[in-house]
file upload.cif (mmCIF, C-alpha atoms)
data_protein
#
loop_
_atom_site.label_atom_id
_atom_site.label_comp_id
_atom_site.auth_asym_id
_atom_site.auth_seq_id
_atom_site.Cartn_x
_atom_site.Cartn_y
_atom_site.Cartn_z
CA MET A 1 118.78 59.20 70.75
CA ALA A 2 119.72 61.76 68.14
CA GLN A 3 122.09 61.81 65.20
CA VAL A 4 125.16 64.02 65.50
CA SER A 5 127.69 64.79 62.76
CA MET A 6 130.93 66.69 62.95
CA THR A 7 134.43 66.76 61.52
CA VAL A 8 137.09 65.41 63.85
CA ASN A 9 140.72 65.98 62.89
CA GLY A 10 139.60 66.52 59.32
CA THR A 11 137.51 63.36 59.06
CA PRO A 12 133.70 63.55 58.86
CA VAL A 13 132.14 61.42 61.61
CA SER A 14 128.63 60.80 62.87
CA GLY A 15 126.94 58.77 65.54
CA GLU A 16 123.90 58.30 67.74
CA VAL A 17 123.99 60.12 71.05
CA GLU A 18 121.68 60.92 73.92
CA GLY A 19 121.00 64.49 74.98
CA ARG A 20 123.17 63.94 78.05
CA THR A 21 126.15 62.55 76.09
CA LEU A 22 129.13 64.79 76.71
CA LEU A 23 131.43 65.65 73.84
CA SER A 24 134.28 64.00 75.75
CA THR A 25 132.23 60.79 76.02
CA PHE A 26 131.41 60.85 72.31
CA LEU A 27 135.09 61.27 71.41
CA ARG A 28 136.34 58.59 73.77
CA ASP A 29 133.58 55.96 73.76
CA THR A 30 132.01 56.29 70.31
CA LEU A 31 134.98 57.40 68.23
CA GLU A 32 137.52 55.62 70.46
CA LEU A 33 139.77 58.69 70.43
CA THR A 34 141.03 58.12 73.96
CA GLY A 35 143.83 60.66 73.77
CA THR A 36 141.42 63.22 75.20
CA HIS A 37 141.57 62.59 78.93
CA VAL A 38 138.80 63.14 81.44
CA GLY A 39 140.31 64.22 84.74
CA CYS A 40 137.95 65.97 87.10
CA ASP A 41 134.79 65.83 84.95
CA THR A 42 133.75 69.11 86.58
CA GLY A 43 135.24 71.63 84.14
CA GLN A 44 138.17 72.56 86.33
CA CYS A 45 141.27 70.54 85.35
CA GLY A 46 141.37 71.09 81.59
CA ALA A 47 142.71 67.60 80.74
CA CYS A 48 139.84 67.19 78.25
CA THR A 49 140.63 70.41 76.36
CA ILE A 50 140.04 70.20 72.61
CA HIS A 51 139.35 72.75 69.88
CA VAL A 52 135.85 73.33 68.53
CA ASN A 53 135.75 75.57 65.46
CA GLY A 54 139.23 76.77 66.36
CA ALA A 55 138.46 77.72 69.97
CA SER A 56 139.75 75.73 72.96
CA VAL A 57 136.97 74.26 75.11
CA LYS A 58 136.65 71.68 77.87
CA SER A 59 134.97 68.73 76.17
CA CYS A 60 133.53 67.43 79.46
CA ASN A 61 131.66 70.71 79.79
CA MET A 62 129.84 70.57 76.47
CA PHE A 63 127.24 68.18 75.07
CA ALA A 64 127.99 66.24 71.90
CA LEU A 65 124.84 67.65 70.30
CA GLU A 66 126.22 71.17 70.79
CA ALA A 67 129.11 70.25 68.47
CA ASP A 68 126.79 69.17 65.65
CA GLY A 69 128.29 70.48 62.41
CA ALA A 70 131.46 71.70 64.11
CA ALA A 71 135.11 71.19 63.18
CA VAL A 72 136.79 69.48 66.14
CA THR A 73 140.51 68.99 66.72
CA THR A 74 141.79 66.61 69.39
CA ILE A 75 145.26 65.60 70.55
CA GLU A 76 145.19 62.85 67.90
CA GLY A 77 145.17 65.64 65.31
CA MET A 78 148.33 67.26 66.62
CA ALA A 79 150.90 64.83 65.19
CA ASN A 80 152.46 65.44 61.80
CA ALA A 81 151.00 63.66 58.76
CA ASP A 82 153.78 61.04 58.87
CA GLY A 83 152.93 60.20 62.48
CA SER A 84 155.93 61.98 64.00
CA LEU A 85 155.37 64.36 66.91
CA GLY A 86 154.09 67.84 66.06
CA THR A 87 156.13 70.91 67.08
CA ILE A 88 154.40 71.38 70.43
CA GLN A 89 154.44 67.67 71.26
CA GLN A 90 158.16 67.50 70.42
CA ALA A 91 158.86 70.52 72.61
CA PHE A 92 157.06 68.83 75.52
CA GLN A 93 159.30 65.79 75.03
CA ASP A 94 162.48 67.85 74.62
CA HIS A 95 161.83 69.92 77.75
CA HIS A 96 160.31 67.15 79.83
CA GLY A 97 157.02 69.02 80.06
CA LEU A 98 155.26 66.06 81.62
CA GLN A 99 155.66 63.42 84.25
CA CYS A 100 152.60 61.19 84.58
CA GLY A 101 151.24 62.55 81.31
CA PHE A 102 147.59 62.70 82.32
CA CYS A 103 147.19 66.46 81.83
CA THR A 104 149.40 66.52 78.73
CA PRO A 105 146.72 66.28 76.00
CA GLY A 106 144.96 69.29 77.49
CA MET A 107 148.23 71.16 77.94
CA VAL A 108 149.21 70.59 74.31
CA MET A 109 145.80 71.67 73.02
CA THR A 110 145.92 74.77 75.21
CA ALA A 111 149.43 75.61 74.03
CA ALA A 112 148.24 75.26 70.42
CA ALA A 113 145.35 77.66 71.09
CA LEU A 114 147.68 80.16 72.77
CA LEU A 115 150.28 80.11 70.00
CA GLU A 116 147.57 80.50 67.38
CA GLU A 117 146.35 83.64 69.18
CA ASN A 118 149.73 84.93 70.36
CA PRO A 119 152.70 83.42 68.46
CA LYS A 120 155.36 84.86 70.81
CA PRO A 121 153.87 84.86 74.32
CA THR A 122 155.88 85.94 77.34
CA GLU A 123 156.40 83.57 80.25
CA ALA A 124 153.73 85.48 82.20
CA GLU A 125 151.27 85.26 79.31
CA ILE A 126 151.86 81.50 79.09
CA ARG A 127 151.27 81.01 82.80
CA SER A 128 148.12 83.09 82.66
CA TYR A 129 146.80 81.15 79.67
CA LEU A 130 147.36 77.86 81.53
CA SER A 131 145.02 78.97 84.32
CA GLY A 132 142.39 76.42 83.26
CA ASN A 133 144.79 73.47 83.07
CA LEU A 134 145.95 71.73 86.21
CA CYS A 135 149.10 69.62 86.48
CA ARG A 136 149.88 67.84 89.73
CA CYS A 137 153.36 66.60 88.80
CA THR A 138 155.56 69.13 87.08
CA GLY A 139 155.05 72.35 88.98
CA TYR A 140 154.45 73.84 85.50
CA HIS A 141 158.05 75.07 84.95
CA ASN A 142 158.88 72.57 82.23
CA ILE A 143 155.48 72.98 80.60
CA VAL A 144 156.14 76.71 80.31
CA LYS A 145 159.62 76.00 78.93
CA ALA A 146 158.16 73.62 76.35
CA ILE A 147 155.64 76.19 75.17
CA LEU A 148 158.32 78.90 74.95
CA ALA A 149 160.47 76.51 72.91
CA ALA A 150 157.56 75.59 70.63
CA SER A 151 157.03 79.30 69.99
CA GLY A 152 160.59 79.52 68.68
CA GLN A 153 161.82 81.52 71.64
CA GLU A 154 164.90 80.90 73.69
CA VAL A 155 164.31 78.99 76.92
CA ALA A 156 166.06 80.43 79.96
CA LYS A 157 167.63 77.96 82.40
CA GLU A 158 166.08 79.57 85.44
CA PHE A 159 162.55 80.76 85.90
CA ALA A 160 160.96 83.14 88.28
CA ALA A 161 158.84 81.07 90.64
CA MET B 1 124.53 62.06 84.19
CA TYR B 2 120.80 61.45 84.45
CA ALA B 3 118.73 61.42 81.27
CA PHE B 4 116.84 64.44 79.95
CA ASP B 5 115.44 65.61 76.65
CA PHE B 6 117.60 67.97 74.63
CA GLU B 7 116.01 70.50 72.32
CA ARG B 8 117.77 72.70 69.80
CA PRO B 9 115.28 75.31 68.61
CA SER B 10 116.37 77.36 65.61
CA THR B 11 114.27 80.47 66.29
CA LEU B 12 113.53 82.56 69.37
CA ASP B 13 109.80 81.78 69.07
CA GLU B 14 110.50 78.04 69.10
CA ALA B 15 112.77 78.48 72.13
CA VAL B 16 110.10 80.43 74.03
CA ALA B 17 107.55 77.71 73.21
CA ALA B 18 109.94 74.94 74.32
CA LEU B 19 110.69 76.73 77.60
CA GLY B 20 106.96 76.95 78.28
CA ALA B 21 106.88 73.20 78.89
CA GLU B 22 106.89 71.80 82.43
CA GLY B 23 110.43 71.09 83.71
CA ALA B 24 112.22 72.89 80.86
CA GLN B 25 115.46 74.74 81.50
CA ALA B 26 117.42 77.05 79.19
CA LEU B 27 121.00 76.04 78.36
CA ALA B 28 123.39 78.78 77.25
CA GLY B 29 127.16 78.11 77.30
CA GLY B 30 126.69 75.54 80.05
CA GLN B 31 129.85 76.39 81.97
CA THR B 32 127.88 76.61 85.21
CA LEU B 33 124.82 74.55 84.32
CA ILE B 34 126.57 71.39 83.09
CA PRO B 35 128.63 70.91 86.30
CA THR B 36 125.42 71.67 88.23
CA LEU B 37 123.58 68.93 86.33
CA LYS B 38 126.40 66.47 87.00
CA GLN B 39 126.00 67.08 90.71
CA ARG B 40 122.22 66.83 90.34
CA LEU B 41 121.80 70.19 92.00
CA ALA B 42 119.42 70.86 89.12
CA MET B 43 117.42 68.13 87.38
CA PRO B 44 115.36 69.63 84.55
CA GLU B 45 113.39 67.24 82.34
CA THR B 46 114.30 69.15 79.18
CA LEU B 47 117.26 71.32 78.24
CA VAL B 48 116.58 73.96 75.62
CA SER B 49 119.83 75.00 73.95
CA LEU B 50 119.90 78.70 73.10
CA THR B 51 123.30 78.93 71.43
CA GLY B 52 121.95 78.19 67.95
CA LEU B 53 119.61 81.20 67.91
CA ALA B 54 120.68 83.86 65.42
CA GLU B 55 118.58 86.44 67.34
CA LEU B 56 120.98 86.15 70.30
CA LYS B 57 124.19 86.72 68.37
CA GLY B 58 126.32 89.70 67.42
CA ILE B 59 127.96 92.70 69.10
CA SER B 60 127.52 96.21 67.72
CA ALA B 61 127.99 99.80 68.85
CA SER B 62 125.84 102.69 67.71
CA GLY B 63 124.80 106.02 69.18
CA GLY B 64 126.90 105.57 72.31
CA VAL B 65 125.34 102.20 73.14
CA LEU B 66 126.98 98.79 72.90
CA THR B 67 124.49 96.03 72.17
CA VAL B 68 125.77 92.58 73.08
CA GLY B 69 123.78 89.55 71.94
CA ALA B 70 123.04 87.26 74.88
CA ALA B 71 124.79 84.29 73.27
CA SER B 72 128.06 86.22 72.91
CA THR B 73 130.88 84.38 74.62
CA HIS B 74 133.13 86.02 77.18
CA ALA B 75 135.97 85.78 74.62
CA GLU B 76 133.89 87.65 72.04
CA VAL B 77 133.00 90.39 74.54
CA ALA B 78 136.67 90.63 75.51
CA ARG B 79 137.62 91.24 71.88
CA GLN B 80 135.27 94.20 71.31
CA THR B 81 136.94 97.60 71.74
CA ASP B 82 134.00 100.00 72.14
CA HIS B 83 133.59 99.44 75.89
CA PRO B 84 137.09 98.74 77.26
CA GLY B 85 135.93 98.36 80.87
CA LEU B 86 133.54 95.60 79.82
CA ALA B 87 136.17 93.98 77.61
CA GLY B 88 138.63 93.88 80.50
CA LEU B 89 136.07 92.28 82.77
CA ALA B 90 135.11 89.62 80.19
CA GLY B 91 138.76 88.77 79.50
CA GLY B 92 139.31 87.98 83.17
CA ILE B 93 136.43 85.56 83.71
CA GLY B 94 137.37 81.94 84.49
CA ASP B 95 140.02 80.65 82.10
CA PRO B 96 140.47 80.74 78.30
CA HIS B 97 138.37 77.61 77.68
CA VAL B 98 135.50 78.80 79.85
CA ARG B 99 135.61 82.17 78.06
CA ASN B 100 135.19 80.38 74.72
CA ARG B 101 131.92 78.72 75.83
CA GLY B 102 130.37 80.77 78.61
CA THR B 103 127.96 83.51 77.53
CA ILE B 104 127.00 86.90 78.90
CA GLY B 105 123.29 86.03 78.79
CA GLY B 106 123.82 82.83 80.74
CA SER B 107 125.82 84.61 83.43
CA VAL B 108 123.34 87.47 83.79
CA ALA B 109 120.36 85.06 83.89
CA ASN B 110 122.03 82.92 86.57
CA ASN B 111 123.07 85.93 88.70
CA ASP B 112 125.66 84.10 90.77
CA PRO B 113 126.52 86.42 93.69
CA SER B 114 130.23 86.06 92.84
CA ALA B 115 129.98 86.37 89.06
CA CYS B 116 131.69 89.28 87.30
CA TYR B 117 129.11 90.31 84.69
CA PRO B 118 126.40 91.51 87.10
CA ALA B 119 128.86 94.20 88.27
CA ALA B 120 129.30 95.47 84.71
CA VAL B 121 125.58 95.42 83.98
CA LEU B 122 124.66 97.29 87.16
CA GLY B 123 127.79 99.46 87.10
CA SER B 124 127.13 100.60 83.53
CA GLY B 125 123.40 101.12 84.04
CA ALA B 126 122.74 98.63 81.23
CA MET B 127 119.38 97.42 79.95
CA VAL B 128 118.54 93.71 80.00
CA VAL B 129 116.61 92.98 76.81
CA THR B 130 114.39 89.89 76.76
CA ASN B 131 111.97 88.29 74.33
CA ALA B 132 109.19 90.22 76.10
CA ARG B 133 110.54 93.55 77.41
CA GLU B 134 113.49 95.65 78.52
CA ILE B 135 114.51 95.69 82.18
CA ALA B 136 116.77 98.36 83.69
CA ALA B 137 119.74 96.93 85.60
CA ASP B 138 118.57 98.66 88.78
CA ASP B 139 115.34 96.62 88.64
CA TYR B 140 116.82 93.39 87.32
CA PHE B 141 119.01 91.93 90.11
CA THR B 142 116.74 90.93 92.98
CA GLY B 143 118.85 88.62 95.17
CA LEU B 144 121.08 85.55 95.25
CA PHE B 145 120.52 83.74 91.93
CA GLU B 146 117.30 85.77 91.72
CA THR B 147 116.36 88.14 88.91
CA ALA B 148 113.32 89.93 87.54
CA LEU B 149 113.06 87.33 84.74
CA GLU B 150 109.74 85.53 84.55
CA GLU B 151 109.55 81.77 84.11
CA GLY B 152 110.56 80.95 80.53
CA GLU B 153 111.68 84.51 79.71
CA ILE B 154 114.85 84.62 77.59
CA ILE B 155 117.51 87.35 77.63
CA THR B 156 118.22 88.27 74.02
CA ALA B 157 120.73 91.10 74.49
CA LEU B 158 122.37 93.51 76.92
CA ARG B 159 122.50 97.20 76.04
CA PHE B 160 125.39 99.05 77.66
CA PRO B 161 125.52 102.85 77.53
CA ILE B 162 129.24 103.36 76.77
CA PRO B 163 130.74 105.30 79.69
CA GLU B 164 133.45 107.96 79.38
CA LYS B 165 135.58 105.94 81.76
CA SER B 166 135.15 102.56 83.36
CA ALA B 167 137.11 99.69 84.85
CA TYR B 168 136.60 96.47 86.77
CA VAL B 169 138.98 95.13 89.39
CA LYS B 170 138.46 91.89 91.26
CA PHE B 171 140.18 90.02 94.04
CA GLU B 172 140.09 86.48 92.75
CA GLN B 173 139.28 83.45 94.82
CA PRO B 174 142.22 81.51 93.38
CA ALA B 175 140.64 78.05 93.19
CA SER B 176 137.32 78.99 91.58
CA ARG B 177 138.48 82.22 89.87
CA PHE B 178 135.19 83.78 90.90
CA ALA B 179 135.39 87.21 92.51
CA LEU B 180 135.93 87.17 96.25
CA VAL B 181 135.04 90.80 95.73
CA GLY B 182 134.83 92.63 92.40
CA VAL B 183 134.12 96.32 91.78
CA PHE B 184 133.03 97.93 88.52
CA VAL B 185 133.16 101.73 88.33
CA SER B 186 131.95 103.95 85.52
CA LYS B 187 131.76 107.67 84.87
CA SER B 188 129.41 109.04 82.26
CA GLU B 189 127.12 112.00 81.66
CA GLY B 190 124.51 110.36 83.82
CA GLY B 191 126.90 110.25 86.77
CA VAL B 192 129.16 107.78 88.54
CA ARG B 193 128.23 104.19 89.27
CA VAL B 194 130.01 101.81 91.61
CA ALA B 195 128.77 98.21 91.53
CA VAL B 196 130.09 95.52 93.87
CA THR B 197 129.90 91.77 93.27
CA GLY B 198 131.05 88.81 95.36
CA ALA B 199 130.51 90.58 98.65
CA SER B 200 126.87 90.76 99.63
CA GLU B 201 124.43 88.15 100.88
CA GLU B 202 121.95 89.86 98.57
CA GLY B 203 124.05 89.74 95.40
CA VAL B 204 125.45 92.60 93.34
CA PHE B 205 124.76 96.08 94.75
CA ARG B 206 125.63 99.75 94.22
CA TRP B 207 127.85 101.46 96.80
CA SER B 208 126.00 104.76 96.88
CA GLU B 209 128.35 106.54 99.35
CA ALA B 210 131.27 105.96 97.00
CA GLU B 211 129.20 107.12 94.03
CA ALA B 212 128.41 110.37 95.87
CA ALA B 213 132.07 110.93 96.80
CA LEU B 214 133.23 110.27 93.23
CA ALA B 215 130.56 112.41 91.58
CA SER B 216 132.46 115.67 92.15
CA ASP B 217 135.97 114.22 92.10
CA PHE B 218 136.53 111.02 90.12
CA SER B 219 139.84 110.11 91.74
CA PRO B 220 141.04 107.49 94.24
CA ALA B 221 141.70 110.28 96.77
CA ALA B 222 138.01 111.15 96.80
CA LEU B 223 137.45 107.82 98.58
CA ASP B 224 139.87 108.54 101.43
CA GLY B 225 138.23 107.97 104.78
CA LEU B 226 135.27 106.16 103.25
CA SER B 227 134.67 102.57 104.30
CA ALA B 228 132.00 100.11 103.23
CA SER B 229 129.66 98.64 105.81
CA ALA B 230 130.18 94.95 106.68
CA GLU B 231 126.47 94.52 107.33
CA ASN B 232 124.91 91.78 105.16
CA LEU B 233 128.26 90.89 103.61
CA ILE B 234 129.23 87.26 102.95
CA GLY B 235 131.37 85.51 105.56
CA ASP B 236 132.92 82.14 104.61
CA ILE B 237 136.21 80.25 104.75
CA HIS B 238 137.66 82.64 102.18
CA GLY B 239 136.97 85.85 104.05
CA SER B 240 134.94 87.45 106.82
CA PRO B 241 132.38 90.22 106.24
CA ALA B 242 134.88 92.74 107.65
CA TYR B 243 137.57 91.52 105.26
CA ARG B 244 135.22 91.81 102.30
CA ALA B 245 134.21 95.30 103.42
CA HIS B 246 137.87 96.27 103.46
CA LEU B 247 138.37 94.80 99.99
CA ILE B 248 135.46 96.85 98.65
CA GLY B 249 137.24 100.06 99.66
CA VAL B 250 140.62 98.99 98.28
CA LEU B 251 139.26 97.62 95.02
CA THR B 252 137.05 100.65 94.40
CA LYS B 253 140.12 102.88 94.65
CA ARG B 254 142.03 100.60 92.30
CA ALA B 255 139.16 100.53 89.83
CA VAL B 256 138.93 104.33 89.82
CA ALA B 257 142.70 104.55 89.32
CA ALA B 258 142.48 102.06 86.44
CA ALA B 259 139.60 103.94 84.84
CA ALA B 260 140.95 107.46 85.28
#

call {"tool": "encode", "arguments": {"input": "upload.cif", "output": "structure tokens"}}
result
Amino acid sequence: MAQVSMTVNGTPVSGEVEGRTLLSTFLRDTLELTGTHVGCDTGQCGACTIHVNGASVKSCNMFALEADGAAVTTIEGMANADGSLGTIQQAFQDHHGLQCGFCTPGMVMTAAALLEENPKPTEAEIRSYLSGNLCRCTGYHNIVKAILAASGQEVAKEFAA
Amino acid sequence: MYAFDFERPSTLDEAVAALGAEGAQALAGGQTLIPTLKQRLAMPETLVSLTGLAELKGISASGGVLTVGAASTHAEVARQTDHPGLAGLAGGIGDPHVRNRGTIGGSVANNDPSACYPAAVLGSGAMVVTNAREIAADDYFTGLFETALEEGEIITALRFPIPEKSAYVKFEQPASRFALVGVFVSKSEGGVRVAVTGASEEGVFRWSEAEAALASDFSPAALDGLSASAENLIGDIHGSPAYRAHLIGVLTKRAVAAAA
């Protein structure tokens, strides 16, 4: 076992982990931040996407010890200070950007990373940026609409398939 | 996942010493290795994390050469502007999250036959710099997942001569986002290089006939009538050897058009 310390959503945290402990496991089992979902556990679906030092990563594809000293943001850090939904979360609700909701934490964290990098992405840029996040319910259209809306852009009624 | 020891050396010397131990395995960005460990396709006793080593960091251009620290992520390589062909290749690997963790050194050390970076390294005539020596790209890639690296040898940097023109075009296998076939072309004072990944049973290779045709006329038309041999090419559910041979011709033309 080894000691690991990091900042999660602005709060300093630490805990004992094994070498094999994944960052997703540390967040969910040790810190009980279960908003980060583990879907495929093979680095493909992106449900476990979080930010480490400002960069989006798949937390099931990184060891907790590799995040020692890092600043981590999870879906729990995306709400406003008063507990109301953040801009991206609200846009997902307004545009029905989810059905079962399993992929949603990863989608929101990915959208946040995209908008940080590119505040006014085109529809094509959004779809390209979502290449590491799988959704089996929505067909992606409403997710793309939600991200366009969160970026302050008008959302067209019809999309190119 | 099964249990293993996890070491985080803070200097290159410590890392080399740690990798000298029986059953030790280097861990770079982990985007290939961690899924491999989960499947128990590899079961090292000790993982030696290289991402904390200052000696492996940083990207700089000087004297017509771009030096990329081995721990540079794909996203960092994509952001540099000195070697646009390399930047374009790095920005197309995997997905945004993979690009934020995966490293150039890890990819080049692993030498997956469908990975993108080997095409850029061979197609630029780059040097692979390790803790012990420098290896020319032409001598480095020796087969499927096989390289000239000795046991415990660590890549510290890649040195790319910056070409006059270069580009990489791949035909993506849509599920894995690896290259079904990928072609990197470059034109520089030293000549033209055409490197093909994803296609051969023996890993990345140079298409010398195309290089010869492009040497006097670096244009897509120079490749008219030229076709790649299907001998020793990969055949699987995604494409036959003949299909991959066809893709090599098409993608080489597209890469030349993109570079020109």

call {"tool": "resolve_selection", "arguments": {"input": "upload.cif", "expression": "the PyMOL selection byres ((chain A) within 8 of (chain B))", "output": "ChimeraX atom specification"}}
result
/A:18-20,42-43,49,55-58,61-62,129-132

call {"tool": "resolve_selection", "arguments": {"input": "upload.cif", "expression": "the PyMOL selection byres ((chain A and resi 63) around 6)", "output": "VMD selection string"}}
result
chain A and resid 21 to 23 62 64 to 66

call {"tool": "resolve_selection", "arguments": {"input": "upload.cif", "expression": "the PyMOL selection byres ((chain A and resi 91) around 10)", "output": "compact mmCIF listing (two decimals) with C-alpha atoms, in the coordinates of the input"}}
result
# COMPACT_ATOMS: atom_id res chain seq x y z
CA LEU A 85 155.37 64.36 66.91
CA GLY A 86 154.09 67.84 66.06
CA THR A 87 156.13 70.91 67.08
CA ILE A 88 154.40 71.38 70.43
CA GLN A 89 154.44 67.67 71.26
CA GLN A 90 158.16 67.50 70.42
CA PHE A 92 157.06 68.83 75.52
CA GLN A 93 159.30 65.79 75.03
CA ASP A 94 162.48 67.85 74.62
CA HIS A 95 161.83 69.92 77.75
CA HIS A 96 160.31 67.15 79.83
CA GLY A 97 157.02 69.02 80.06
CA VAL A 108 149.21 70.59 74.31
CA ASN A 142 158.88 72.57 82.23
CA ILE A 143 155.48 72.98 80.60
CA LYS A 145 159.62 76.00 78.93
CA ALA A 146 158.16 73.62 76.35
CA ILE A 147 155.64 76.19 75.17
CA LEU A 148 158.32 78.90 74.95
CA ALA A 149 160.47 76.51 72.91
CA ALA A 150 157.56 75.59 70.63
CA SER A 151 157.03 79.30 69.99
CA GLY A 152 160.59 79.52 68.68

call {"tool": "residues_around", "arguments": {"input": "upload.cif", "residues": "segment 151-158 of chain B", "least_positions_apart": "6", "cutoff": "10 Å", "atoms": "all atoms listed in the file", "output": "PyMOL selection string"}}
result
chain B and resi 12+15-21+24-26+50+53-59+65-72+104-106+108-109+121+126-135+137

call {"tool": "write_last_selection", "arguments": {"input": "upload.cif", "atoms": "C-alpha atoms", "output": "tab-separated table (two decimals), keeping the file's coordinate frame"}}
result
chain	number	residue	atom	x	y	z
B	12	LEU	CA	113.53	82.56	69.37
B	15	ALA	CA	112.77	78.48	72.13
B	16	VAL	CA	110.10	80.43	74.03
B	17	ALA	CA	107.55	77.71	73.21
B	18	ALA	CA	109.94	74.94	74.32
B	19	LEU	CA	110.69	76.73	77.60
B	20	GLY	CA	106.96	76.95	78.28
B	21	ALA	CA	106.88	73.20	78.89
B	24	ALA	CA	112.22	72.89	80.86
B	25	GLN	CA	115.46	74.74	81.50
B	26	ALA	CA	117.42	77.05	79.19
B	50	LEU	CA	119.90	78.70	73.10
B	53	LEU	CA	119.61	81.20	67.91
B	54	ALA	CA	120.68	83.86	65.42
B	55	GLU	CA	118.58	86.44	67.34
B	56	LEU	CA	120.98	86.15	70.30
B	57	LYS	CA	124.19	86.72	68.37
B	58	GLY	CA	126.32	89.70	67.42
B	59	ILE	CA	127.96	92.70	69.10
B	65	VAL	CA	125.34	102.20	73.14
B	66	LEU	CA	126.98	98.79	72.90
B	67	THR	CA	124.49	96.03	72.17
B	68	VAL	CA	125.77	92.58	73.08
B	69	GLY	CA	123.78	89.55	71.94
B	70	ALA	CA	123.04	87.26	74.88
B	71	ALA	CA	124.79	84.29	73.27
B	72	SER	CA	128.06	86.22	72.91
B	104	ILE	CA	127.00	86.90	78.90
B	105	GLY	CA	123.29	86.03	78.79
B	106	GLY	CA	123.82	82.83	80.74
B	108	VAL	CA	123.34	87.47	83.79
B	109	ALA	CA	120.36	85.06	83.89
B	121	VAL	CA	125.58	95.42	83.98
B	126	ALA	CA	122.74	98.63	81.23
B	127	MET	CA	119.38	97.42	79.95
B	128	VAL	CA	118.54	93.71	80.00
B	129	VAL	CA	116.61	92.98	76.81
B	130	THR	CA	114.39	89.89	76.76
B	131	ASN	CA	111.97	88.29	74.33
B	132	ALA	CA	109.19	90.22	76.10
B	133	ARG	CA	110.54	93.55	77.41
B	134	GLU	CA	113.49	95.65	78.52
B	135	ILE	CA	114.51	95.69	82.18
B	137	ALA	CA	119.74	96.93	85.60

call {"tool": "atom_distance", "arguments": {"input": "upload.cif", "atom1": "atom CA of Leu251 of chain B", "atom2": "atom CA of Glu146 of chain B"}}
result
25.2 Å

call {"tool": "decode", "arguments": {"input": "upload.cif", "residues": "segment 30-44 of chain A", "atoms": "N, CA and C atoms", "output": "tab-separated table (two decimals), in the first residue's frame"}}
result
chain	number	residue	atom	x	y	z
A	30	THR	N	-13.00	4.71	-2.58
A	30	THR	CA	-12.37	5.36	-1.41
A	30	THR	C	-13.05	6.69	-1.11
A	31	LEU	N	-13.20	7.52	-2.14
A	31	LEU	CA	-13.79	8.85	-1.90
A	31	LEU	C	-15.31	8.83	-1.99
A	32	GLU	N	-15.87	7.73	-2.45
A	32	GLU	CA	-17.33	7.56	-2.61
A	32	GLU	C	-17.93	8.62	-3.53
A	33	LEU	N	-17.14	9.03	-4.53
A	33	LEU	CA	-17.65	9.93	-5.57
A	33	LEU	C	-18.11	9.05	-6.73
A	34	THR	N	-19.34	8.56	-6.62
A	34	THR	CA	-19.81	7.54	-7.57
A	34	THR	C	-20.44	8.15	-8.82
A	35	GLY	N	-20.33	9.46	-8.97
A	35	GLY	CA	-20.82	10.07	-10.20
A	35	GLY	C	-19.99	9.66	-11.41
A	36	THR	N	-18.71	9.40	-11.19
A	36	THR	CA	-17.86	8.89	-12.27
A	36	THR	C	-18.23	7.44	-12.52
A	37	HIS	N	-18.72	7.16	-13.71
A	37	HIS	CA	-19.18	5.80	-14.02
A	37	HIS	C	-18.10	4.98	-14.69
A	38	VAL	N	-18.09	3.69	-14.39
A	38	VAL	CA	-17.19	2.77	-15.08
A	38	VAL	C	-18.04	1.91	-16.01
A	39	GLY	N	-17.87	2.10	-17.30
A	39	GLY	CA	-18.68	1.37	-18.27
A	39	GLY	C	-17.98	0.13	-18.75
A	40	CYS	N	-17.03	0.32	-19.66
A	40	CYS	CA	-16.39	-0.85	-20.29
A	40	CYS	C	-15.17	-1.32	-19.50
A	41	ASP	N	-14.56	-0.42	-18.72
A	41	ASP	CA	-13.32	-0.73	-17.99
A	41	ASP	C	-12.21	-1.19	-18.93
A	42	THR	N	-12.26	-0.77	-20.19
A	42	THR	CA	-11.19	-1.12	-21.13
A	42	THR	C	-10.68	0.12	-21.86
A	43	GLY	N	-11.10	1.31	-21.42
A	43	GLY	CA	-10.59	2.53	-22.05
A	43	GLY	C	-11.26	2.88	-23.35
A	44	GLN	N	-12.43	2.33	-23.61
A	44	GLN	CA	-13.07	2.61	-24.89
A	44	GLN	C	-14.31	3.49	-24.78
